[in-house]
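Chemist: Structure file my_file04.cif, mmCIF, C-alpha atoms, pLDDT in the B column; chains and numbers go by the auth columns, is pasted below:
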```cif
data_target
loop_
_atom_site.group_PDB
_atom_site.id
_atom_site.type_symbol
_atom_site.label_atom_id
_atom_site.label_comp_id
_atom_site.label_asym_id
_atom_site.label_seq_id
_atom_site.Cartn_x
_atom_site.Cartn_y
_atom_site.Cartn_z
_atom_site.B_iso_or_equiv
_atom_site.auth_seq_id
_atom_site.auth_asym_id
ATOM 1 C CA MET A 1 -1.632 -52.158 -64.307 45.00 1 A
ATOM 2 C CA LYS A 2 0.018 -49.007 -65.604 45.00 2 A
ATOM 3 C CA LYS A 3 -0.278 -47.377 -62.174 46.00 3 A
ATOM 4 C CA GLU A 4 1.282 -50.412 -60.478 50.00 4 A
ATOM 5 C CA TYR A 5 4.150 -50.304 -62.953 43.00 5 A
ATOM 6 C CA LEU A 6 4.779 -46.640 -62.127 43.00 6 A
ATOM 7 C CA TYR A 7 4.831 -47.469 -58.408 43.00 7 A
ATOM 8 C CA ILE A 8 7.417 -50.200 -59.006 42.00 8 A
ATOM 9 C CA VAL A 9 9.626 -47.936 -61.120 38.00 9 A
ATOM 10 C CA SER A 10 9.400 -45.130 -58.555 46.00 10 A
ATOM 11 C CA GLY A 11 10.380 -47.539 -55.799 46.00 11 A
ATOM 12 C CA LEU A 12 13.392 -48.802 -57.707 41.00 12 A
ATOM 13 C CA LEU A 13 14.541 -45.249 -58.415 42.00 13 A
ATOM 14 C CA LEU A 14 14.272 -44.386 -54.716 41.00 14 A
ATOM 15 C CA VAL A 15 16.342 -47.431 -53.732 37.00 15 A
ATOM 16 C CA ALA A 16 19.000 -46.518 -56.316 43.00 16 A
ATOM 17 C CA LEU A 17 19.151 -42.965 -54.970 40.00 17 A
ATOM 18 C CA LEU A 18 19.593 -44.159 -51.383 39.00 18 A
ATOM 19 C CA VAL A 19 22.350 -46.569 -52.399 39.00 19 A
ATOM 20 C CA SER A 20 24.185 -43.840 -54.285 45.00 20 A
ATOM 21 C CA MET A 21 24.076 -41.621 -51.186 43.00 21 A
ATOM 22 C CA ALA A 22 25.567 -44.271 -48.863 41.00 22 A
ATOM 23 C CA PRO A 23 29.040 -43.359 -47.469 44.00 23 A
ATOM 24 C CA LYS A 24 31.843 -45.201 -49.256 45.00 24 A
ATOM 25 C CA GLY A 25 35.470 -45.853 -48.384 47.00 25 A
ATOM 26 C CA GLU A 26 38.491 -46.462 -50.601 50.00 26 A
ATOM 27 C CA LYS A 27 37.727 -48.200 -53.912 44.00 27 A
ATOM 28 C CA GLY A 28 34.011 -47.531 -53.428 41.00 28 A
ATOM 29 C CA GLU A 29 33.199 -49.854 -50.528 47.00 29 A
ATOM 30 C CA GLU A 30 30.468 -48.647 -48.172 47.00 30 A
ATOM 31 C CA ARG A 31 31.609 -46.817 -45.035 48.00 31 A
ATOM 32 C CA SER A 32 29.200 -47.304 -42.170 51.00 32 A
ATOM 33 C CA VAL A 33 28.794 -44.508 -39.633 54.00 33 A
ATOM 34 C CA LYS A 34 28.196 -45.660 -36.083 77.00 34 A
ATOM 35 C CA ARG A 35 27.569 -43.997 -32.758 87.00 35 A
ATOM 36 C CA VAL A 36 30.732 -43.697 -30.695 94.00 36 A
ATOM 37 C CA ASP A 37 31.343 -44.326 -27.000 96.00 37 A
ATOM 38 C CA ARG A 38 35.146 -44.082 -26.936 98.00 38 A
ATOM 39 C CA VAL A 39 37.292 -41.618 -28.868 98.00 39 A
ATOM 40 C CA LEU A 40 41.072 -41.701 -29.252 98.00 40 A
ATOM 41 C CA CYS A 41 42.710 -38.360 -30.078 98.00 41 A
ATOM 42 C CA LEU A 42 46.015 -39.163 -31.776 98.00 42 A
ATOM 43 C CA GLY A 43 48.690 -36.593 -32.508 98.00 43 A
ATOM 44 C CA ASP A 44 51.456 -34.366 -31.238 98.00 44 A
ATOM 45 C CA SER A 45 51.527 -31.140 -29.179 97.00 45 A
ATOM 46 C CA LEU A 46 48.295 -29.901 -30.765 98.00 46 A
ATOM 47 C CA THR A 47 46.594 -32.942 -29.242 98.00 47 A
ATOM 48 C CA PHE A 48 48.568 -32.816 -25.980 98.00 48 A
ATOM 49 C CA GLY A 49 47.404 -29.252 -25.391 98.00 49 A
ATOM 50 C CA PHE A 50 50.738 -27.421 -25.446 97.00 50 A
ATOM 51 C CA GLY A 51 50.183 -23.738 -24.760 96.00 51 A
ATOM 52 C CA THR A 52 47.669 -24.172 -21.954 97.00 52 A
ATOM 53 C CA GLN A 53 48.305 -23.904 -18.223 96.00 53 A
ATOM 54 C CA ASN A 54 46.688 -27.294 -17.587 97.00 54 A
ATOM 55 C CA PRO A 55 46.554 -29.691 -20.567 97.00 55 A
ATOM 56 C CA ASP A 56 44.683 -32.265 -18.478 97.00 56 A
ATOM 57 C CA THR A 57 41.640 -29.984 -18.420 98.00 57 A
ATOM 58 C CA GLU A 58 42.247 -27.465 -21.244 98.00 58 A
ATOM 59 C CA SER A 59 43.482 -29.585 -24.162 98.00 59 A
ATOM 60 C CA TYR A 60 40.988 -30.205 -26.942 98.00 60 A
ATOM 61 C CA PRO A 61 40.512 -33.908 -25.972 98.00 61 A
ATOM 62 C CA ALA A 62 39.659 -32.891 -22.388 98.00 62 A
ATOM 63 C CA VAL A 63 37.132 -30.312 -23.548 98.00 63 A
ATOM 64 C CA LEU A 64 35.730 -32.673 -26.179 98.00 64 A
ATOM 65 C CA GLY A 65 34.930 -35.240 -23.502 97.00 65 A
ATOM 66 C CA ARG A 66 32.953 -32.682 -21.521 96.00 66 A
ATOM 67 C CA LEU A 67 31.067 -31.460 -24.579 97.00 67 A
ATOM 68 C CA THR A 68 30.086 -34.878 -25.919 96.00 68 A
ATOM 69 C CA GLY A 69 29.685 -36.939 -22.762 95.00 69 A
ATOM 70 C CA VAL A 70 31.656 -39.821 -24.311 97.00 70 A
ATOM 71 C CA GLU A 71 34.999 -41.218 -23.182 98.00 71 A
ATOM 72 C CA VAL A 72 37.820 -39.297 -24.849 98.00 72 A
ATOM 73 C CA ILE A 73 41.431 -40.447 -24.573 98.00 73 A
ATOM 74 C CA GLY A 74 44.147 -37.894 -25.284 98.00 74 A
ATOM 75 C CA ALA A 75 47.191 -39.505 -26.915 98.00 75 A
ATOM 76 C CA GLY A 76 49.250 -36.508 -27.930 98.00 76 A
ATOM 77 C CA ILE A 77 53.007 -36.253 -27.315 98.00 77 A
ATOM 78 C CA ASN A 78 54.916 -33.001 -27.749 97.00 78 A
ATOM 79 C CA GLY A 79 57.410 -32.964 -30.592 97.00 79 A
ATOM 80 C CA GLU A 80 56.436 -36.218 -32.287 98.00 80 A
ATOM 81 C CA THR A 81 56.659 -36.619 -36.043 98.00 81 A
ATOM 82 C CA SER A 82 54.203 -38.566 -38.171 98.00 82 A
ATOM 83 C CA ALA A 83 56.596 -41.552 -38.145 98.00 83 A
ATOM 84 C CA GLU A 84 56.607 -41.648 -34.349 98.00 84 A
ATOM 85 C CA ILE A 85 52.835 -41.304 -34.201 98.00 85 A
ATOM 86 C CA LEU A 86 52.518 -44.162 -36.695 98.00 86 A
ATOM 87 C CA SER A 87 54.760 -46.353 -34.546 98.00 87 A
ATOM 88 C CA ARG A 88 52.507 -45.803 -31.508 98.00 88 A
ATOM 89 C CA THR A 89 49.241 -46.380 -33.348 98.00 89 A
ATOM 90 C CA PRO A 90 48.944 -50.206 -33.240 98.00 90 A
ATOM 91 C CA GLY A 91 49.601 -50.339 -29.493 98.00 91 A
ATOM 92 C CA LEU A 92 47.130 -47.564 -28.732 98.00 92 A
ATOM 93 C CA LEU A 93 44.424 -49.203 -30.822 98.00 93 A
ATOM 94 C CA LYS A 94 44.989 -52.552 -29.115 98.00 94 A
ATOM 95 C CA ARG A 95 44.958 -50.983 -25.655 98.00 95 A
ATOM 96 C CA HIS A 96 41.956 -48.672 -25.989 98.00 96 A
ATOM 97 C CA HIS A 97 39.736 -50.213 -28.709 98.00 97 A
ATOM 98 C CA PRO A 98 38.311 -46.824 -29.789 98.00 98 A
ATOM 99 C CA ASP A 99 35.183 -46.414 -31.876 98.00 99 A
ATOM 100 C CA LEU A 100 36.642 -43.242 -33.404 98.00 100 A
ATOM 101 C CA VAL A 101 40.147 -41.841 -33.875 98.00 101 A
ATOM 102 C CA ILE A 102 40.688 -38.124 -34.393 98.00 102 A
ATOM 103 C CA LEU A 103 43.970 -37.912 -36.280 98.00 103 A
ATOM 104 C CA CYS A 104 45.991 -34.685 -36.184 98.00 104 A
ATOM 105 C CA SER A 105 49.519 -35.568 -37.309 98.00 105 A
ATOM 106 C CA GLY A 106 52.272 -33.868 -39.266 97.00 106 A
ATOM 107 C CA GLY A 107 52.960 -30.499 -37.637 95.00 107 A
ATOM 108 C CA ASN A 108 56.492 -31.397 -36.647 96.00 108 A
ATOM 109 C CA ASP A 109 57.198 -32.897 -40.065 96.00 109 A
ATOM 110 C CA ILE A 110 56.271 -29.540 -41.577 95.00 110 A
ATOM 111 C CA LEU A 111 58.419 -27.609 -39.076 93.00 111 A
ATOM 112 C CA GLN A 112 61.401 -29.922 -39.657 94.00 112 A
ATOM 113 C CA GLY A 113 61.080 -29.780 -43.435 94.00 113 A
ATOM 114 C CA ILE A 114 60.502 -33.521 -43.787 96.00 114 A
ATOM 115 C CA ASP A 115 59.621 -34.471 -47.350 97.00 115 A
ATOM 116 C CA GLU A 116 55.872 -34.364 -48.015 96.00 116 A
ATOM 117 C CA ASP A 117 56.013 -37.784 -49.660 98.00 117 A
ATOM 118 C CA ILE A 118 57.245 -39.256 -46.370 98.00 118 A
ATOM 119 C CA LEU A 119 54.527 -37.437 -44.432 98.00 119 A
ATOM 120 C CA GLU A 120 51.872 -38.637 -46.883 98.00 120 A
ATOM 121 C CA ARG A 121 53.090 -42.238 -46.597 98.00 121 A
ATOM 122 C CA ASN A 122 53.090 -42.131 -42.789 98.00 122 A
ATOM 123 C CA LEU A 123 49.594 -40.655 -42.716 98.00 123 A
ATOM 124 C CA ARG A 124 48.373 -43.248 -45.196 98.00 124 A
ATOM 125 C CA GLU A 125 49.800 -46.105 -43.140 98.00 125 A
ATOM 126 C CA THR A 126 48.360 -44.642 -39.939 98.00 126 A
ATOM 127 C CA ILE A 127 44.930 -44.407 -41.552 98.00 127 A
ATOM 128 C CA SER A 128 45.214 -48.005 -42.768 98.00 128 A
ATOM 129 C CA GLU A 129 46.127 -49.201 -39.261 98.00 129 A
ATOM 130 C CA ILE A 130 43.106 -47.433 -37.807 98.00 130 A
ATOM 131 C CA GLU A 131 40.746 -48.751 -40.472 98.00 131 A
ATOM 132 C CA ARG A 132 41.946 -52.310 -39.894 98.00 132 A
ATOM 133 C CA SER A 133 40.961 -51.931 -36.240 98.00 133 A
ATOM 134 C CA GLY A 134 37.394 -51.102 -37.255 97.00 134 A
ATOM 135 C CA ALA A 135 37.472 -47.577 -35.812 98.00 135 A
ATOM 136 C CA GLY A 136 36.187 -44.551 -37.673 98.00 136 A
ATOM 137 C CA ILE A 137 38.432 -41.575 -38.412 98.00 137 A
ATOM 138 C CA ILE A 138 38.120 -37.809 -38.481 98.00 138 A
ATOM 139 C CA LEU A 139 41.149 -36.300 -40.214 98.00 139 A
ATOM 140 C CA ILE A 140 42.356 -32.826 -39.234 98.00 140 A
ATOM 141 C CA GLY A 141 44.475 -30.920 -41.737 98.00 141 A
ATOM 142 C CA VAL A 142 47.674 -29.313 -40.482 96.00 142 A
ATOM 143 C CA PRO A 143 48.592 -25.941 -41.986 94.00 143 A
ATOM 144 C CA HIS A 144 51.754 -24.288 -43.207 87.00 144 A
ATOM 145 C CA PHE A 145 52.441 -20.711 -44.168 66.00 145 A
ATOM 146 C CA GLY A 146 52.382 -20.178 -47.918 60.00 146 A
ATOM 147 C CA LEU A 147 52.037 -17.336 -50.370 48.00 147 A
ATOM 148 C CA THR A 148 48.270 -17.305 -49.798 52.00 148 A
ATOM 149 C CA GLY A 149 48.512 -17.437 -45.995 68.00 149 A
ATOM 150 C CA LEU A 150 47.832 -20.239 -43.563 88.00 150 A
ATOM 151 C CA LYS A 151 46.407 -23.311 -45.289 92.00 151 A
ATOM 152 C CA SER A 152 46.395 -27.059 -44.652 95.00 152 A
ATOM 153 C CA LEU A 153 48.667 -29.097 -46.900 95.00 153 A
ATOM 154 C CA SER A 154 46.813 -30.547 -49.867 96.00 154 A
ATOM 155 C CA ILE A 155 47.878 -34.090 -48.961 97.00 155 A
ATOM 156 C CA TYR A 156 45.340 -34.105 -46.117 98.00 156 A
ATOM 157 C CA GLU A 157 42.409 -33.384 -48.395 98.00 157 A
ATOM 158 C CA ASP A 158 43.736 -35.897 -50.917 98.00 158 A
ATOM 159 C CA LEU A 159 43.845 -38.611 -48.249 98.00 159 A
ATOM 160 C CA ALA A 160 40.390 -37.684 -46.968 98.00 160 A
ATOM 161 C CA ASP A 161 39.046 -38.046 -50.521 98.00 161 A
ATOM 162 C CA ARG A 162 40.891 -41.305 -51.102 98.00 162 A
ATOM 163 C CA TYR A 163 39.601 -42.944 -47.919 98.00 163 A
ATOM 164 C CA ASN A 164 36.280 -41.061 -47.814 98.00 164 A
ATOM 165 C CA LEU A 165 37.012 -39.628 -44.358 98.00 165 A
ATOM 166 C CA PRO A 166 35.270 -36.796 -42.544 98.00 166 A
ATOM 167 C CA TYR A 167 37.789 -33.990 -42.984 98.00 167 A
ATOM 168 C CA MET A 168 38.434 -30.716 -41.166 98.00 168 A
ATOM 169 C CA GLY A 169 40.894 -28.758 -43.263 97.00 169 A
ATOM 170 C CA ASP A 170 39.985 -25.234 -42.201 97.00 170 A
ATOM 171 C CA LEU A 171 39.860 -25.811 -38.442 97.00 171 A
ATOM 172 C CA LEU A 172 43.494 -25.153 -37.505 97.00 172 A
ATOM 173 C CA PRO A 173 44.106 -22.419 -40.113 96.00 173 A
ATOM 174 C CA GLU A 174 41.112 -20.476 -38.779 96.00 174 A
ATOM 175 C CA ILE A 175 42.184 -20.821 -35.141 96.00 175 A
ATOM 176 C CA LEU A 176 45.871 -20.075 -35.745 94.00 176 A
ATOM 177 C CA SER A 177 45.049 -17.017 -37.851 94.00 177 A
ATOM 178 C CA LYS A 178 43.477 -15.351 -34.784 95.00 178 A
ATOM 179 C CA PRO A 179 45.981 -13.901 -32.271 95.00 179 A
ATOM 180 C CA SER A 180 43.374 -14.104 -29.500 97.00 180 A
ATOM 181 C CA MET A 181 43.290 -17.906 -29.876 97.00 181 A
ATOM 182 C CA LYS A 182 47.064 -18.546 -30.020 95.00 182 A
ATOM 183 C CA SER A 183 49.631 -19.112 -27.292 95.00 183 A
ATOM 184 C CA ASP A 184 52.503 -18.822 -29.794 93.00 184 A
ATOM 185 C CA TYR A 185 53.207 -19.039 -33.518 87.00 185 A
ATOM 186 C CA ILE A 186 51.986 -22.614 -33.934 91.00 186 A
ATOM 187 C CA HIS A 187 49.882 -23.533 -30.885 95.00 187 A
ATOM 188 C CA PRO A 188 46.413 -22.497 -29.736 97.00 188 A
ATOM 189 C CA ASN A 189 45.760 -21.248 -26.233 98.00 189 A
ATOM 190 C CA ALA A 190 43.006 -22.566 -23.967 98.00 190 A
ATOM 191 C CA GLY A 191 40.394 -20.614 -25.926 98.00 191 A
ATOM 192 C CA GLY A 192 41.726 -21.977 -29.203 98.00 192 A
ATOM 193 C CA TYR A 193 41.607 -25.559 -27.968 98.00 193 A
ATOM 194 C CA GLU A 194 38.080 -25.003 -26.699 98.00 194 A
ATOM 195 C CA LYS A 195 37.061 -23.789 -30.155 98.00 195 A
ATOM 196 C CA MET A 196 38.792 -26.803 -31.670 98.00 196 A
ATOM 197 C CA ALA A 197 36.814 -29.158 -29.427 98.00 197 A
ATOM 198 C CA GLU A 198 33.526 -27.404 -30.200 97.00 198 A
ATOM 199 C CA GLU A 199 34.029 -27.715 -33.948 97.00 199 A
ATOM 200 C CA ILE A 200 35.043 -31.378 -33.708 98.00 200 A
ATOM 201 C CA ALA A 201 32.009 -32.132 -31.533 97.00 201 A
ATOM 202 C CA GLU A 202 29.756 -30.484 -34.115 97.00 202 A
ATOM 203 C CA LYS A 203 31.416 -32.542 -36.859 97.00 203 A
ATOM 204 C CA MET A 204 30.816 -35.736 -34.889 97.00 204 A
ATOM 205 C CA TYR A 205 27.149 -34.842 -34.514 96.00 205 A
ATOM 206 C CA GLU A 206 26.796 -33.979 -38.207 96.00 206 A
ATOM 207 C CA GLU A 207 28.347 -37.338 -39.125 96.00 207 A
ATOM 208 C CA GLY A 208 25.850 -39.232 -36.962 95.00 208 A
ATOM 209 C CA MET A 209 28.456 -40.260 -34.391 96.00 209 A
ATOM 210 C CA LEU A 210 26.626 -38.660 -31.461 94.00 210 A
ATOM 211 C CA THR A 211 23.070 -39.429 -30.374 87.00 211 A
ATOM 212 C CA LEU A 212 22.626 -35.973 -28.842 84.00 212 A
ATOM 213 C CA PRO A 213 23.993 -32.616 -29.958 87.00 213 A
ATOM 214 C CA PRO A 214 27.148 -31.511 -28.113 88.00 214 A
ATOM 215 C CA ARG A 215 26.792 -29.500 -24.949 76.00 215 A
ATOM 216 C CA ARG A 216 27.720 -25.856 -24.985 66.00 216 A
ATOM 217 C CA ARG A 217 29.830 -24.221 -22.326 56.00 217 A
#
```
Would you put the structure from the file into C-alpha cells?
Modeler:
Amino acid sequence: MKKEYLYIVSGLLLVALLVSMAPKGEKGEERSVKRVDRVLCLGDSLTFGFGTQNPDTESYPAVLGRLTGVEVIGAGINGETSAEILSRTPGLLKRHHPDLVILCSGGNDILQGIDEDILERNLRETISEIERSGAGIILIGVPHFGLTGLKSLSIYEDLADRYNLPYMGDLLPEILSKPSMKSDYIHPNAGGYEKMAEEIAEKMYEEGMLTLPPRRR
C-alpha cells in the first residue's frame, strides 16, 4: 500500500511539472505551439530586402522559404512606420491566413524619432490583431545606437515577455554590427539577410514549428 501511494504521489508531481512547463500567453493562458505551413513576414525595408540586388530572391523571407520548405510570404514595404504596418495587418491576415507571423516593425519609427510610447502601442495592437487570427508570432527586436552600442529597444523584450512570444532581440544588432553583412548604416546585404533567415529558421525549429530541421545552403 505504501509503495502504491508513492507511485501515485510521483505521478501527480510529474503531471504538475509538465503543466508548469507548458507555454503560456498573456495573463497565464496556455500558448500552443503548432507546426506551420504558411508564414507571413510583416515589416518594413528589413523585410522587403532593401540593400540587395534582387529582393525577390535575396530578402530574408525568400531565403527562409528555401531553408524551411514552407510557404513564406514577404509583406515588407520600404519606409513604413509601425502605424502603417498595423493598418495593413488585418487585411494581410484575412488574405493569407498564416500559421505564423514574423513581426519586424519599428525601424522607421526609431529613425524618425517617433515617441516610444506610440511605437509600443502600435506593436501591441499589431500583436493583438495577429493573436486574434490564431497565428503564432516570432518577434524580432529592432536596434538603435546607444551609449553601449547597437541594442534592440527594451520595449520589444517587454512585449515578448508580456505575450510570451518567441523573441529574437540580438539578431539584428549582431548582423548590423558586422560591416561584411551590411549594405549601409541600417540595412543588411544579401549575406546579412541570409544569416537572418538561417537564425529565424533555427528558431522556428527550436520552437517546434518545423517538422524537420532547416536546410543549409
Chemist: Run the PyMOL selection byres ((chain A and resi 104) around 7) against the file shown and list the residues it catches, as JSON, numbers by chain.
Modeler: {"A": [42, 43, 102, 103, 105, 139, 140, 141]}
Chemist: How big is the axis-aligned box around all listed atoms of range 88-106 of chain A once 8 Å goes on each side, and where's its centre, in Å to one decimal, as AutoDock Vina command-line options?
Modeler:
```
--center_x 43.8 --center_y -43.2 --center_z -32.5 --size_x 33.3 --size_y 34.7 --size_z 29.6
```
Chemist: Let me make sure I understand: among A:Gly208, A:Glu198, A:His97, A:Ser82, which one has the smallest atom-to-atom distance to Val39 in chain A if we use all atoms listed in the file?
Modeler: A:His97
Chemist: Measuring between all atoms listed in the file, which one of A:Glu80, A:Ile155, A:Gly65, A:Gly51 shows the shortest distance to Asp184 in chain A?
Modeler: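 Of all the options, A:Gly51 lies closest to Asp184 in chain A.
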Chemist: Could you state the separation of CA of Pro166 in chain A and CA of Thr57 in chain A in Å, given to one decimal place?
Modeler: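 CA of Thr57 in chain A lies 25.9 Å from CA of Pro166 in chain A.
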Chemist: For the provided coordinates, the residues matched by the PyMOL selection byres ((chain A and resi 74) around 12) should be stated as a VMD selection string.
Modeler: chain A and resid 38 to 49 55 to 65 71 to 73 75 to 77 92 96 98 101 to 104
Chemist: In Å, with one decimal, what is the gap from CA of His187 in chain A to CA of Leu111 in chain A?
Modeler: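 These atoms are spaced 12.5 Å apart.
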Chemist: Running the PyMOL selection byres ((chain A and resi 68) around 8) on this model by hand, what would come out? Give it as an mmCIF file with C-alpha atoms, in the frame of the given file.
Modeler:
```cif
data_model
loop_
_atom_site.group_PDB
_atom_site.id
_atom_site.type_symbol
_atom_site.label_atom_id
_atom_site.label_comp_id
_atom_site.auth_asym_id
_atom_site.auth_seq_id
_atom_site.Cartn_x
_atom_site.Cartn_y
_atom_site.Cartn_z
ATOM 1 C CA LEU A 64 35.730 -32.673 -26.179
ATOM 2 C CA GLY A 65 34.930 -35.240 -23.502
ATOM 3 C CA ARG A 66 32.953 -32.682 -21.521
ATOM 4 C CA LEU A 67 31.067 -31.460 -24.579
ATOM 5 C CA GLY A 69 29.685 -36.939 -22.762
ATOM 6 C CA VAL A 70 31.656 -39.821 -24.311
ATOM 7 C CA ALA A 201 32.009 -32.132 -31.533
ATOM 8 C CA LEU A 210 26.626 -38.660 -31.461
ATOM 9 C CA PRO A 213 23.993 -32.616 -29.958
ATOM 10 C CA PRO A 214 27.148 -31.511 -28.113
ATOM 11 C CA ARG A 215 26.792 -29.500 -24.949
#
```
Chemist: Which residues, written as a list in words, have at least one atom at most 7 Å from Leu153 in chain A, with all atoms listed in the file counted and residues fewer than 5 positions away on the same chain left out?
Modeler: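 Counting only the stated atoms, we get Gly141, Val142, Pro143 and His144 of chain A.
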Chemist: Could you tell me how far CA of Ile138 in chain A lies from CA of Ile118 in chain A, in Å and to one decimal?
Modeler: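 Separating CA of Ile138 in chain A from CA of Ile118 in chain A is a distance of 20.7 Å.
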Chemist: Considering all atoms listed in the file, state which residue in the set A:Gly113, A:Pro173, A:Gly134, A:Gly79 is at the smallest distance from Met196 in chain A.
Modeler: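 Result for the nearest residue to Met196 in chain A: A:Pro173.
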Chemist: Given all atoms listed in the file as the basis, pick out the residue of A:Met209, A:Leu150, A:Ile200, A:Ala160 nearest to Leu123 in chain A.
Modeler: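 Ranking A:Met209, A:Leu150, A:Ile200, A:Ala160 by distance to Leu123 in chain A, first place goes to A:Ala160.
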Chemist: Point out the residue among A:Asn189, A:Ser183, A:Ser177, A:Thr89 with the least atom-to-atom distance to Ser133 in chain A, counting all atoms listed in the file.
Modeler: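 Under the stated criterion, the closest residue is A:Thr89.
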Chemist: Give me, as a ChimeraX atom specification, all polymer residues having an atom no more than 12 Å from Glu174 in chain A, counting all atoms listed in the file and skipping those fewer than 5 positions away in the same chain.
Modeler: /A:141-143,149-152,168-169,179-182,188,192-193,195-196,199
Chemist: Name the residues in contact with Leu165 in chain A at a cut-off of 8 Å, using only C-alpha atoms, excluding same-chain residues fewer than 2 positions from it; report them as an MDAnalysis selection string.
Modeler: chainID A and resid 25 137:139 159:163 167
